[in-house]
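Heads up, entry.cif below (mmCIF, C-alpha atoms):
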```cif
data_final
#
loop_
_atom_site.label_atom_id
_atom_site.label_comp_id
_atom_site.auth_asym_id
_atom_site.auth_seq_id
_atom_site.Cartn_x
_atom_site.Cartn_y
_atom_site.Cartn_z
CA MET D 1249 289.76 236.53 442.93
CA ALA D 1250 287.54 239.36 444.18
CA THR D 1251 288.80 241.42 447.09
CA VAL D 1252 286.57 241.33 450.16
CA THR D 1253 286.25 244.84 451.59
CA VAL D 1254 285.59 245.74 455.21
CA ARG D 1255 282.17 246.90 454.03
CA ASP D 1256 281.40 243.44 452.61
CA GLU D 1257 282.87 241.78 455.69
CA VAL D 1258 280.74 243.62 458.22
CA THR D 1259 277.61 243.20 456.10
CA GLU D 1260 278.02 239.42 455.85
CA LEU D 1261 278.93 239.01 459.52
CA LEU D 1262 275.82 240.95 460.57
CA ARG D 1263 273.62 238.82 458.32
CA GLU D 1264 275.05 235.68 459.94
CA LEU D 1265 274.48 237.08 463.44
CA ILE D 1266 270.86 237.97 462.68
CA ARG D 1267 270.24 234.39 461.52
CA VAL D 1268 271.20 233.22 465.01
CA ASP D 1269 267.98 233.73 466.97
CA THR D 1270 269.00 235.16 470.34
CA THR D 1271 265.58 236.40 471.42
CA ASN D 1272 265.70 237.08 475.17
CA PRO D 1273 264.16 235.26 476.90
CA PRO D 1274 265.54 232.63 476.59
CA GLY D 1275 268.60 234.21 474.91
CA ASN D 1276 270.70 231.26 473.75
CA GLU D 1277 273.53 233.71 473.11
CA THR D 1278 276.20 230.98 473.11
CA ARG D 1279 275.54 230.29 469.43
CA ALA D 1280 276.31 233.94 468.60
CA ALA D 1281 279.38 233.92 470.85
CA GLU D 1282 280.69 230.82 469.10
CA LEU D 1283 280.14 232.38 465.68
CA LEU D 1284 282.15 235.44 466.76
CA ARG D 1285 284.87 233.26 468.31
CA ASP D 1286 285.30 231.35 465.07
CA TYR D 1287 285.38 234.55 463.01
CA LEU D 1288 287.91 236.30 465.24
CA GLY D 1289 290.01 233.17 465.63
CA ASP D 1290 290.42 233.02 461.86
CA HIS D 1291 292.15 236.43 462.13
CA GLY D 1292 294.41 235.52 465.02
CA VAL D 1293 292.45 237.24 467.79
CA ALA D 1294 292.48 235.47 471.16
CA CYS D 1295 288.97 234.85 472.53
CA GLU D 1296 287.42 233.40 475.67
CA LEU D 1297 283.83 232.42 476.42
CA TYR D 1298 282.49 233.07 479.92
CA ALA D 1299 279.12 231.63 480.86
CA ARG D 1300 277.09 231.48 484.03
CA VAL D 1301 275.05 228.74 482.32
CA PRO D 1302 276.24 226.92 479.18
CA GLU D 1303 273.65 228.29 476.77
CA ARG D 1304 274.24 231.96 477.68
CA ALA D 1305 277.90 232.66 476.95
CA ASN D 1306 279.65 236.01 476.81
CA LEU D 1307 282.58 236.45 474.43
CA VAL D 1308 285.65 238.47 475.39
CA ALA D 1309 288.40 239.01 472.79
CA ARG D 1310 291.64 240.90 473.25
CA ILE D 1311 294.60 242.35 471.38
CA PRO D 1312 297.10 242.68 474.25
CA GLY D 1313 298.81 246.01 474.78
CA GLY D 1314 302.56 246.25 474.52
CA GLY D 1315 303.09 249.42 476.53
CA ASP D 1316 301.69 251.58 479.29
CA GLY D 1317 298.66 252.85 477.39
CA PRO D 1318 295.09 252.69 478.70
CA SER D 1319 292.77 249.75 478.14
CA VAL D 1320 289.85 250.32 475.74
CA LEU D 1321 286.75 248.13 475.71
CA LEU D 1322 284.41 247.84 472.73
CA LEU D 1323 281.21 246.74 474.47
CA SER D 1324 278.15 245.18 472.86
CA HIS D 1325 275.40 242.63 473.47
CA THR D 1326 274.16 239.76 471.34
CA ASP D 1327 270.63 239.23 472.71
CA VAL D 1328 267.59 240.79 471.03
CA VAL D 1329 263.93 241.42 471.84
CA LEU D 1330 260.99 239.44 470.52
CA ALA D 1331 260.01 239.78 466.85
CA ASP D 1332 256.58 238.73 465.58
CA PRO D 1333 257.02 237.63 461.93
CA ALA D 1334 253.40 238.54 461.19
CA GLU D 1335 254.25 242.23 461.71
CA TRP D 1336 257.28 242.22 459.41
CA GLN D 1337 257.63 242.59 455.64
CA LEU D 1338 260.57 240.16 455.70
CA ASP D 1339 261.55 237.25 457.95
CA PRO D 1340 263.07 238.97 461.04
CA PHE D 1341 265.74 236.27 461.35
CA ALA D 1342 266.73 235.88 457.69
CA GLY D 1343 269.26 238.72 457.62
CA GLU D 1344 268.24 239.81 454.14
CA LEU D 1345 270.15 242.50 452.25
CA ARG D 1346 267.81 244.78 450.34
CA ASP D 1347 268.50 248.18 448.74
CA GLY D 1348 271.66 248.77 450.74
CA GLU D 1349 270.09 247.81 454.09
CA VAL D 1350 270.39 244.69 456.25
CA TRP D 1351 267.00 243.69 457.63
CA GLY D 1352 266.40 241.72 460.80
CA ARG D 1353 265.89 241.76 464.52
CA GLY D 1354 268.95 243.29 466.14
CA ALA D 1355 270.18 245.13 463.05
CA LEU D 1356 270.08 248.38 465.04
CA ASP D 1357 269.92 247.05 468.61
CA MET D 1358 272.60 245.98 468.49
CA LYS D 1359 274.04 243.24 466.32
CA GLY D 1360 275.11 245.85 463.80
CA GLN D 1361 277.51 247.31 466.35
CA VAL D 1362 278.54 243.79 467.43
CA ALA D 1363 279.54 243.01 463.85
CA ALA D 1364 281.28 246.36 463.39
CA ALA D 1365 283.34 245.93 466.56
CA ALA D 1366 284.32 242.38 465.60
CA VAL D 1367 285.39 243.49 462.12
CA ALA D 1368 287.28 246.49 463.52
CA VAL D 1369 289.25 244.24 465.88
CA ALA D 1370 289.85 241.55 463.22
CA SER D 1371 290.98 244.04 460.59
CA LEU D 1372 293.37 245.74 463.01
CA ALA D 1373 294.79 242.38 464.06
CA ARG D 1374 295.54 241.24 460.53
CA GLU D 1375 297.19 244.59 459.80
CA GLY D 1376 299.57 243.95 462.69
CA PHE D 1377 298.15 246.61 465.02
CA GLU D 1378 300.21 246.78 468.23
CA PRO D 1379 298.27 248.81 470.78
CA SER D 1380 299.96 250.54 473.68
CA GLY D 1381 297.24 249.16 475.99
CA ASP D 1382 294.77 246.31 475.74
CA LEU D 1383 292.08 246.54 473.08
CA ILE D 1384 289.16 244.45 474.35
CA PHE D 1385 285.97 243.39 472.60
CA ALA D 1386 283.07 242.03 474.67
CA ALA D 1387 279.86 240.65 473.17
CA THR D 1388 277.69 239.99 476.19
CA ALA D 1389 274.45 238.18 476.89
CA ASP D 1390 271.28 239.35 478.56
CA GLU D 1391 271.27 243.13 478.15
CA GLU D 1392 267.62 243.28 477.14
CA VAL D 1393 266.34 241.55 480.29
CA GLY D 1394 269.22 241.94 482.75
CA ALA D 1395 268.70 238.71 484.68
CA GLY D 1396 272.35 238.40 485.70
CA PHE D 1397 273.88 236.44 482.82
CA GLY D 1398 275.72 239.23 481.01
CA ALA D 1399 277.68 242.37 481.77
CA GLN D 1400 276.73 242.53 485.44
CA TRP D 1401 277.85 238.94 486.00
CA LEU D 1402 281.08 239.48 484.04
CA CYS D 1403 282.02 242.51 486.12
CA GLU D 1404 281.37 240.58 489.33
CA ALA D 1405 282.63 237.08 488.47
CA HIS D 1406 285.41 237.84 485.96
CA PRO D 1407 286.47 241.44 486.55
CA ASP D 1408 289.97 241.01 485.14
CA ALA D 1409 288.51 239.89 481.81
CA VAL D 1410 286.61 243.12 481.20
CA ARG D 1411 288.25 245.78 483.38
CA ALA D 1412 288.92 248.82 481.21
CA ASP D 1413 289.84 252.46 481.51
CA TYR D 1414 287.61 253.46 478.60
CA CYS D 1415 284.52 251.88 477.05
CA ILE D 1416 282.64 252.48 473.79
CA ASN D 1417 279.09 251.17 473.91
CA GLU D 1418 275.65 251.73 472.38
CA GLY D 1419 273.31 254.62 473.13
CA GLY D 1420 274.61 257.44 470.94
CA GLY D 1421 275.90 258.43 467.53
CA ASP D 1422 272.68 259.78 466.04
CA ARG D 1423 273.18 262.62 463.59
CA PHE D 1424 270.70 265.49 463.69
CA VAL D 1425 270.54 268.94 462.16
CA LEU D 1426 269.64 271.97 464.27
CA ALA D 1427 269.40 275.48 462.85
CA GLY D 1428 271.12 274.24 459.71
CA SER D 1429 274.14 272.72 461.46
CA PRO D 1430 274.90 268.99 461.89
CA TYR D 1431 275.57 267.40 465.29
CA TYR D 1432 276.38 263.89 466.48
CA ALA D 1433 275.11 262.90 469.93
CA CYS D 1434 277.50 261.03 472.22
CA SER D 1435 275.90 259.61 475.36
CA THR D 1436 278.02 260.29 478.43
CA ALA D 1437 275.33 259.65 481.05
CA GLU D 1438 272.12 257.72 481.50
CA LYS D 1439 269.01 257.83 483.61
CA MET D 1440 268.33 255.16 486.21
CA SER D 1441 265.73 252.49 485.51
CA ALA D 1442 263.74 252.31 488.75
CA PRO D 1443 260.38 250.62 488.11
CA PHE D 1444 258.11 249.93 491.05
CA LEU D 1445 254.96 248.05 491.91
CA LEU D 1446 251.84 249.80 493.15
CA ARG D 1447 249.78 247.18 495.04
CA VAL D 1448 246.23 248.25 495.82
CA THR D 1449 244.24 246.21 498.34
CA GLY D 1450 240.53 245.66 498.73
CA ARG D 1451 238.16 242.78 499.55
CA SER D 1452 237.08 240.05 497.18
CA GLY D 1453 233.51 239.00 496.50
CA HIS D 1454 231.13 237.75 493.82
CA ALA D 1455 230.88 240.12 490.86
CA SER D 1456 227.09 239.78 490.86
CA MET D 1457 227.00 241.54 494.25
CA PRO D 1458 229.68 244.24 493.86
CA ASN D 1459 228.42 246.39 496.74
CA ILE D 1460 229.45 243.85 499.41
CA ALA D 1461 233.05 243.72 498.05
CA ASP D 1462 235.80 246.32 497.85
CA ASN D 1463 237.08 246.31 494.28
CA ALA D 1464 240.87 246.82 494.24
CA LEU D 1465 240.85 247.39 490.47
CA VAL D 1466 238.38 250.24 490.76
CA LYS D 1467 240.37 251.72 493.65
CA ALA D 1468 243.51 251.55 491.54
CA ALA D 1469 242.03 253.57 488.68
CA PRO D 1470 242.28 257.07 490.25
CA LEU D 1471 245.78 256.26 491.51
CA ILE D 1472 246.86 255.30 488.00
CA GLU D 1473 245.40 258.57 486.71
CA LYS D 1474 247.33 260.55 489.31
CA LEU D 1475 250.61 258.89 488.32
CA GLY D 1476 249.94 259.36 484.63
CA ALA D 1477 249.13 263.04 485.09
CA HIS D 1478 252.04 263.88 487.37
CA ARG D 1479 254.87 265.96 485.96
CA ALA D 1480 257.91 265.85 488.20
CA GLU D 1481 259.90 268.92 489.13
CA ARG D 1482 262.48 269.65 486.49
CA ARG D 1483 266.21 269.67 487.22
CA LEU D 1484 268.92 271.04 484.97
CA ILE D 1485 271.70 268.47 484.47
CA PRO D 1486 275.22 269.17 483.13
CA GLU D 1487 274.69 267.22 479.92
CA VAL D 1488 271.73 269.39 478.89
CA GLN D 1489 273.67 272.53 479.79
CA ALA D 1490 276.57 271.39 477.60
CA VAL D 1491 274.52 270.45 474.53
CA LEU D 1492 272.63 273.74 474.62
CA ARG D 1493 275.83 275.72 475.03
CA ILE D 1494 277.37 274.01 472.01
CA VAL D 1495 274.26 274.29 469.83
CA THR D 1496 273.31 277.88 470.71
CA GLY D 1497 276.72 279.37 471.45
CA GLU D 1498 275.00 281.32 474.23
CA GLU D 1499 275.42 281.58 477.96
CA GLU D 1500 274.27 278.66 480.07
CA ALA D 1501 270.56 278.24 480.75
CA THR D 1502 269.40 279.67 484.06
CA SER D 1503 266.94 276.88 484.85
CA ALA D 1504 265.49 273.64 483.52
CA ASP D 1505 262.46 275.54 482.18
CA ASP D 1506 264.77 278.00 480.44
CA ALA D 1507 266.68 275.09 478.91
CA LEU D 1508 263.52 273.48 477.58
CA ALA D 1509 262.27 276.78 476.15
CA ARG D 1510 265.59 277.28 474.34
CA ALA D 1511 265.49 273.74 472.96
CA ARG D 1512 261.91 274.12 471.70
CA ALA D 1513 262.81 277.46 470.08
CA ILE D 1514 265.50 275.68 468.06
CA SER D 1515 263.29 272.76 467.06
CA PRO D 1516 260.17 271.02 468.45
CA VAL D 1517 261.93 267.67 467.91
CA PHE D 1518 264.94 268.92 469.88
CA GLY D 1519 262.60 269.97 472.65
CA ASP D 1520 261.05 266.51 472.72
CA LEU D 1521 264.54 265.03 473.00
CA ILE D 1522 265.53 267.30 475.88
CA GLU D 1523 262.31 267.18 477.93
CA PRO D 1524 262.73 263.65 479.43
CA LEU D 1525 266.29 264.57 480.42
CA LEU D 1526 265.03 267.22 482.84
CA ALA D 1527 262.88 265.20 485.22
CA MET D 1528 261.88 261.85 486.66
CA THR D 1529 259.21 260.05 484.65
CA LEU D 1530 256.34 257.92 486.02
CA THR D 1531 254.60 255.74 483.43
CA PRO D 1532 252.06 253.07 484.44
CA THR D 1533 252.46 250.22 481.94
CA MET D 1534 250.94 246.99 483.32
CA ALA D 1535 248.06 245.99 485.58
CA THR D 1536 246.83 242.65 486.93
CA ALA D 1537 243.80 242.01 489.09
CA SER D 1538 241.20 239.23 489.20
CA GLN D 1539 241.86 236.08 487.23
CA LYS D 1540 238.16 235.33 486.88
CA ARG D 1541 235.42 237.41 485.30
CA ASN D 1542 232.97 236.91 488.15
CA VAL D 1543 235.34 237.55 491.06
CA VAL D 1544 235.87 241.06 492.43
CA PRO D 1545 239.64 241.42 492.94
CA ALA D 1546 241.06 241.90 496.42
CA LEU D 1547 244.42 242.89 494.91
CA CYS D 1548 245.44 244.98 491.93
CA ASP D 1549 249.11 245.20 491.00
CA VAL D 1550 250.18 248.08 488.78
CA THR D 1551 253.69 248.14 487.34
CA VAL D 1552 255.07 251.64 486.87
CA ASP D 1553 258.07 252.30 484.66
CA SER D 1554 260.13 255.11 486.14
CA ARG D 1555 263.38 256.73 484.99
CA LEU D 1556 265.40 258.88 487.37
CA LEU D 1557 267.99 261.54 486.60
CA PRO D 1558 271.61 260.78 487.49
CA GLY D 1559 272.00 261.45 491.22
CA HIS D 1560 268.29 260.98 491.95
CA THR D 1561 267.60 258.05 494.31
CA PRO D 1562 264.73 255.56 494.62
CA ASP D 1563 264.09 256.85 498.14
CA GLU D 1564 263.44 260.32 496.71
CA GLN D 1565 261.23 258.77 494.05
CA GLN D 1566 259.14 256.85 496.58
CA ALA D 1567 258.62 259.93 498.75
CA ILE D 1568 257.37 261.88 495.73
CA VAL D 1569 255.06 259.04 494.66
CA ARG D 1570 253.48 258.83 498.13
CA GLU D 1571 252.90 262.57 498.06
CA VAL D 1572 251.27 262.30 494.63
CA LEU D 1573 249.01 259.41 495.64
CA GLY D 1574 248.13 260.58 499.15
CA GLU D 1575 246.80 258.22 501.79
CA GLY D 1576 245.15 255.00 500.68
CA ASP D 1577 245.01 251.21 500.70
CA TYR D 1578 248.19 250.59 498.77
CA GLU D 1579 251.81 249.55 499.10
CA LEU D 1580 254.86 250.44 497.00
CA GLU D 1581 257.64 248.02 496.11
CA VAL D 1582 260.82 249.00 494.25
CA LEU D 1583 261.51 246.34 491.60
CA GLU D 1584 265.03 247.35 490.59
CA ALA D 1585 267.36 250.33 490.47
CA HIS D 1586 269.96 250.17 487.71
CA GLY D 1587 271.86 252.89 485.90
CA GLY D 1588 271.82 256.57 486.70
CA THR D 1589 275.56 257.00 486.14
CA ARG D 1590 277.64 259.47 484.18
CA SER D 1591 281.15 259.89 482.83
CA PRO D 1592 283.00 263.18 482.38
CA PHE D 1593 282.75 264.64 478.91
CA GLU D 1594 286.27 265.93 479.05
CA SER D 1595 288.56 262.96 478.44
CA PRO D 1596 290.85 261.41 475.82
CA LEU D 1597 287.88 259.39 474.59
CA TRP D 1598 285.87 262.58 474.10
CA ASP D 1599 288.81 263.97 472.14
CA ALA D 1600 288.63 260.89 469.90
CA VAL D 1601 284.90 261.39 469.32
CA GLU D 1602 285.40 265.04 468.40
CA ALA D 1603 288.32 264.25 466.12
CA PHE D 1604 286.36 261.55 464.28
CA VAL D 1605 283.30 263.75 463.77
CA ALA D 1606 285.49 266.54 462.38
CA HIS D 1607 287.22 264.00 460.12
CA VAL D 1608 284.11 262.44 458.57
CA GLU D 1609 282.03 265.62 458.36
CA PRO D 1610 283.91 268.92 458.57
CA GLY D 1611 281.74 271.51 460.29
CA ALA D 1612 279.81 268.96 462.34
CA ARG D 1613 280.08 268.94 466.15
CA ALA D 1614 279.88 266.23 468.78
CA VAL D 1615 277.53 266.96 471.67
CA PRO D 1616 277.23 265.13 475.02
CA MET D 1617 273.87 263.59 475.79
CA CYS D 1618 272.13 261.72 478.60
CA VAL D 1619 270.32 258.53 477.58
CA ALA D 1620 266.65 258.55 478.60
CA GLY D 1621 266.85 254.78 479.04
CA PHE D 1622 269.94 252.95 480.20
CA THR D 1623 272.64 250.62 478.89
CA ASP D 1624 275.22 248.20 480.26
CA SER D 1625 277.74 251.06 480.57
CA HIS D 1626 276.74 251.65 484.19
CA TRP D 1627 278.10 248.26 485.32
CA PHE D 1628 281.59 249.29 484.17
CA ARG D 1629 281.40 252.80 485.58
CA GLU D 1630 280.34 251.39 488.96
CA ALA D 1631 282.77 248.45 489.05
CA PHE D 1632 285.93 250.01 487.65
CA GLY D 1633 285.42 253.77 487.30
CA THR D 1634 285.45 253.29 483.53
CA VAL D 1635 284.89 256.33 481.32
CA ALA D 1636 282.08 254.91 479.20
CA TYR D 1637 280.41 256.58 476.23
CA GLY D 1638 277.69 255.44 473.87
CA PHE D 1639 278.75 256.32 470.35
CA PHE D 1640 278.11 254.45 467.09
CA PRO D 1641 277.71 257.10 464.41
CA ALA D 1642 274.91 256.88 461.84
CA ARG D 1643 274.08 259.34 459.08
CA ALA D 1644 272.63 257.35 456.17
CA MET D 1645 269.28 256.68 457.86
CA ASP D 1646 267.14 259.46 459.29
CA VAL D 1647 267.33 259.58 463.08
CA GLU D 1648 263.54 259.61 463.51
CA VAL D 1649 263.17 256.56 461.26
CA MET D 1650 265.84 254.73 463.26
CA ALA D 1651 264.10 255.54 466.54
CA ARG D 1652 260.85 254.05 465.26
CA LEU D 1653 262.54 250.83 464.09
CA VAL D 1654 264.36 249.91 467.32
CA HIS D 1655 262.41 247.13 469.09
CA SER D 1656 259.81 247.37 466.31
CA ALA D 1657 258.87 245.65 463.07
CA ASP D 1658 261.06 245.94 459.95
CA GLU D 1659 264.20 246.81 461.93
CA ARG D 1660 267.08 247.40 459.55
CA VAL D 1661 270.39 249.20 459.25
CA ALA D 1662 272.06 250.94 456.33
CA VAL D 1663 275.25 249.28 455.11
CA ASP D 1664 276.75 252.76 454.83
CA ASP D 1665 276.27 253.17 458.58
CA LEU D 1666 277.81 249.76 459.31
CA GLU D 1667 280.88 250.80 457.36
CA LEU D 1668 280.97 254.16 459.17
CA GLY D 1669 280.77 252.30 462.48
CA VAL D 1670 283.76 250.13 461.60
CA ASP D 1671 285.69 253.25 460.59
CA TRP D 1672 284.87 254.88 463.94
CA LEU D 1673 285.90 251.92 466.08
CA ARG D 1674 289.17 251.49 464.17
CA PHE D 1675 289.80 255.24 464.49
CA ALA D 1676 289.09 255.20 468.23
CA ALA D 1677 291.45 252.26 468.83
CA GLN D 1678 294.24 253.91 466.87
CA HIS D 1679 293.64 257.35 468.41
CA MET D 1680 293.59 256.00 471.98
CA LEU D 1681 296.19 253.24 471.68
CA GLY D 1682 298.53 254.32 468.91
CA GLY D 1683 300.07 251.52 466.92
#
```
Rewritten as structure tokens:
Amino acid sequence: MATVTVRDEVTELLRELIRVDTTNPPGNETRAAELLRDYLGDHGVACELYARVPERANLVARIPGGGDGPSVLLLSHTDVVLADPAEWQLDPFAGELRDGEVWGRGALDMKGQVAAAAVAVASLAREGFEPSGDLIFAATADEEVGAGFGAQWLCEAHPDAVRADYCINEGGGDRFVLAGSPYYACSTAEKMSAPFLLRVTGRSGHASMPNIADNALVKAAPLIEKLGAHRAERRLIPEVQAVLRIVTGEEEATSADDALARARAISPVFGDLIEPLLAMTLTPTMATASQKRNVVPALCDVTVDSRLLPGHTPDEQQAIVREVLGEGDYELEVLEAHGGTRSPFESPLWDAVEAFVAHVEPGARAVPMCVAGFTDSHWFREAFGTVAYGFFPARAMDVEVMARLVHSADERVAVDDLELGVDWLRFAAQHMLGG
């Protein structure tokens, strides 16, 4: 009888997860949670499903700790974004294995990490791993939309199920080479997602007589241009200071502009990576006005995606936006404000990251990074003071190729990277919790 390796195990589990369509909305993550519950149960791992509504369950599994060690959470989400089959070479929900890669929606974001975490926990359990503190695995719903069915709801409604001292999540692990040396990015902070609505007002009328109306869409156009052209004042954050210090071996940058110049001198790609981590961004993305061709709109709503640096508040953002736009017939409405948190990059979990990187690639270094977007890590930092990092190492697939595939057609993950991810999560559990 052939021996099933961890590599085979994680590959097959990911393929099964991809075949469960958890496109959000509507999500339907319960089917994925049940698949994981059955898999983990077969290996003696205790699991619970928590659901705000029946079809959107979150799975929480646990290997209880037998001592006074910390609790470590392996965090992931099972929902995925929309995939249009017409844009793909292969069926996005078939989970096909081709040329050492698993294809399908969620392979990178983030069912690959879901599968790796589940296999790491299952393999440790069947080996008799006895952690000094709880090892927890959570596969949550609703990360992609954030409508209150997933991590946020768990932290509020069932805090004891997911409370943890340390958390390993998505958002980091990319390998890149700078000046001939390899580095692995570990996200220790994230920007805040703070989109807002720009509502421009005018007066409606018949489109055949535009001069007697006041076209809100036309009035919105120069305001949109102002937002698109604005470049916010740069601020130098600790994570950028740290990564530059490690990469260059030089004294700390004296300013945000100095930091960006140093990054661009090393590599244009590195500069592009650093630039959004130095300032607030304002990006108009959606606009709605009249619903009829022959009606001049009295209202034009413009949705603006905005990401704020950790410590920057929506009130500061709104004051800057009003200064950029000047006086006019408009209103601003903050739509949400999530994220914008950080964890220290000196901790036992950071030690584990550094030790693993040195183990798998001698000479490589781990570097702290701020995520330009945001993840579910902030719910745990805010609720429990959890030290949360995003780290799922990948080296088989080029980092620029991976970036283009996330949320895009032909998403796929290298089996080599799935196996590396399992190795990391097992290593982290053993490093943090002994056994």
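Taking atom CA of D:Gly1317 and atom CA of D:Glu1404 as endpoints, the distance between them is 24.3 Å.
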**Prompt:** Using only C-alpha atoms, what residues lie at most 12 Å away from (277.4, 250.6, 482.7) (file coordinates), given as a ChimeraX atom specification?
**Reply:** /D:1321,1323-1324,1391,1394,1398-1400,1402-1403,1410-1412,1414-1419,1435-1440,1586-1591,1619,1621-1638
For the residues in that selection, give me C-alpha atoms as a tab-separated table (two decimals), keeping the file's coordinate frame.
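selection.tsv, freshly written:
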```tsv
chain	number	residue	atom	x	y	z
D	1321	LEU	CA	286.75	248.13	475.71
D	1323	LEU	CA	281.21	246.74	474.47
D	1324	SER	CA	278.15	245.18	472.86
D	1391	GLU	CA	271.27	243.13	478.15
D	1394	GLY	CA	269.22	241.94	482.75
D	1398	GLY	CA	275.72	239.23	481.01
D	1399	ALA	CA	277.68	242.37	481.77
D	1400	GLN	CA	276.73	242.53	485.44
D	1402	LEU	CA	281.08	239.48	484.04
D	1403	CYS	CA	282.02	242.51	486.12
D	1410	VAL	CA	286.61	243.12	481.20
D	1411	ARG	CA	288.25	245.78	483.38
D	1412	ALA	CA	288.92	248.82	481.21
D	1414	TYR	CA	287.61	253.46	478.60
D	1415	CYS	CA	284.52	251.88	477.05
D	1416	ILE	CA	282.64	252.48	473.79
D	1417	ASN	CA	279.09	251.17	473.91
D	1418	GLU	CA	275.65	251.73	472.38
D	1419	GLY	CA	273.31	254.62	473.13
D	1435	SER	CA	275.90	259.61	475.36
D	1436	THR	CA	278.02	260.29	478.43
D	1437	ALA	CA	275.33	259.65	481.05
D	1438	GLU	CA	272.12	257.72	481.50
D	1439	LYS	CA	269.01	257.83	483.61
D	1440	MET	CA	268.33	255.16	486.21
D	1586	HIS	CA	269.96	250.17	487.71
D	1587	GLY	CA	271.86	252.89	485.90
D	1588	GLY	CA	271.82	256.57	486.70
D	1589	THR	CA	275.56	257.00	486.14
D	1590	ARG	CA	277.64	259.47	484.18
D	1591	SER	CA	281.15	259.89	482.83
D	1619	VAL	CA	270.32	258.53	477.58
D	1621	GLY	CA	266.85	254.78	479.04
D	1622	PHE	CA	269.94	252.95	480.20
D	1623	THR	CA	272.64	250.62	478.89
D	1624	ASP	CA	275.22	248.20	480.26
D	1625	SER	CA	277.74	251.06	480.57
D	1626	HIS	CA	276.74	251.65	484.19
D	1627	TRP	CA	278.10	248.26	485.32
D	1628	PHE	CA	281.59	249.29	484.17
D	1629	ARG	CA	281.40	252.80	485.58
D	1630	GLU	CA	280.34	251.39	488.96
D	1631	ALA	CA	282.77	248.45	489.05
D	1632	PHE	CA	285.93	250.01	487.65
D	1633	GLY	CA	285.42	253.77	487.30
D	1634	THR	CA	285.45	253.29	483.53
D	1635	VAL	CA	284.89	256.33	481.32
D	1636	ALA	CA	282.08	254.91	479.20
D	1637	TYR	CA	280.41	256.58	476.23
D	1638	GLY	CA	277.69	255.44	473.87
```
**Request:** Can you work out the spacing between atom CA of D:Lys1474 and atom CA of D:Ala1537 in Å, to one decimal?
**Result:**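 Taking atom CA of D:Lys1474 and atom CA of D:Ala1537, their separation equals 18.9 Å.
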**Prompt:** Given the file above and the PyMOL selection byres ((chain D and resi 1601) around 12), which residues are selected, and can you give them as a ChimeraX atom specification?
**Reply:** /D:1416,1420-1421,1431-1436,1593-1600,1602-1608,1612-1616,1637-1641,1671-1677,1679-1680
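Considering the residues D:Pro1516, D:Gly1381, D:Gly1576, D:Gly1611 and counting only C-alpha atoms, D:Leu1471 has its shortest atom-to-atom contact with D:Gly1576.
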Save stretch 1664-1672 of chain D from what I just supplied, as a short mmCIF file (atom, residue, chain, number, x, y, z; two decimals), in the first residue's frame, atoms limited to N, CA, C and O atoms.
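Output (selection37.cif):
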```
data_model
loop_
_atom_site.label_atom_id
_atom_site.label_comp_id
_atom_site.auth_asym_id
_atom_site.auth_seq_id
_atom_site.Cartn_x
_atom_site.Cartn_y
_atom_site.Cartn_z
N ASP D 1664 4.92 22.72 -4.23
CA ASP D 1664 6.12 22.92 -3.41
C ASP D 1664 5.87 23.94 -2.31
O ASP D 1664 6.35 23.80 -1.18
N ASP D 1665 5.12 25.00 -2.64
CA ASP D 1665 4.84 26.03 -1.64
C ASP D 1665 3.81 25.56 -0.61
O ASP D 1665 3.86 25.97 0.55
N LEU D 1666 2.86 24.73 -1.03
CA LEU D 1666 1.93 24.14 -0.06
C LEU D 1666 2.69 23.31 0.97
O LEU D 1666 2.45 23.40 2.18
N GLU D 1667 3.62 22.50 0.48
CA GLU D 1667 4.42 21.66 1.38
C GLU D 1667 5.28 22.53 2.30
O GLU D 1667 5.39 22.24 3.51
N LEU D 1668 5.87 23.59 1.75
CA LEU D 1668 6.66 24.51 2.57
C LEU D 1668 5.78 25.15 3.64
O LEU D 1668 6.21 25.33 4.79
N GLY D 1669 4.55 25.49 3.29
CA GLY D 1669 3.63 26.08 4.26
C GLY D 1669 3.30 25.14 5.40
O GLY D 1669 3.23 25.56 6.57
N VAL D 1670 3.08 23.87 5.08
CA VAL D 1670 2.84 22.88 6.15
C VAL D 1670 4.06 22.79 7.05
O VAL D 1670 3.94 22.76 8.28
N ASP D 1671 5.24 22.75 6.44
CA ASP D 1671 6.48 22.66 7.23
C ASP D 1671 6.59 23.86 8.19
O ASP D 1671 6.98 23.71 9.35
N TRP D 1672 6.26 25.06 7.69
CA TRP D 1672 6.35 26.25 8.53
C TRP D 1672 5.37 26.18 9.70
O TRP D 1672 5.75 26.46 10.84
#
```
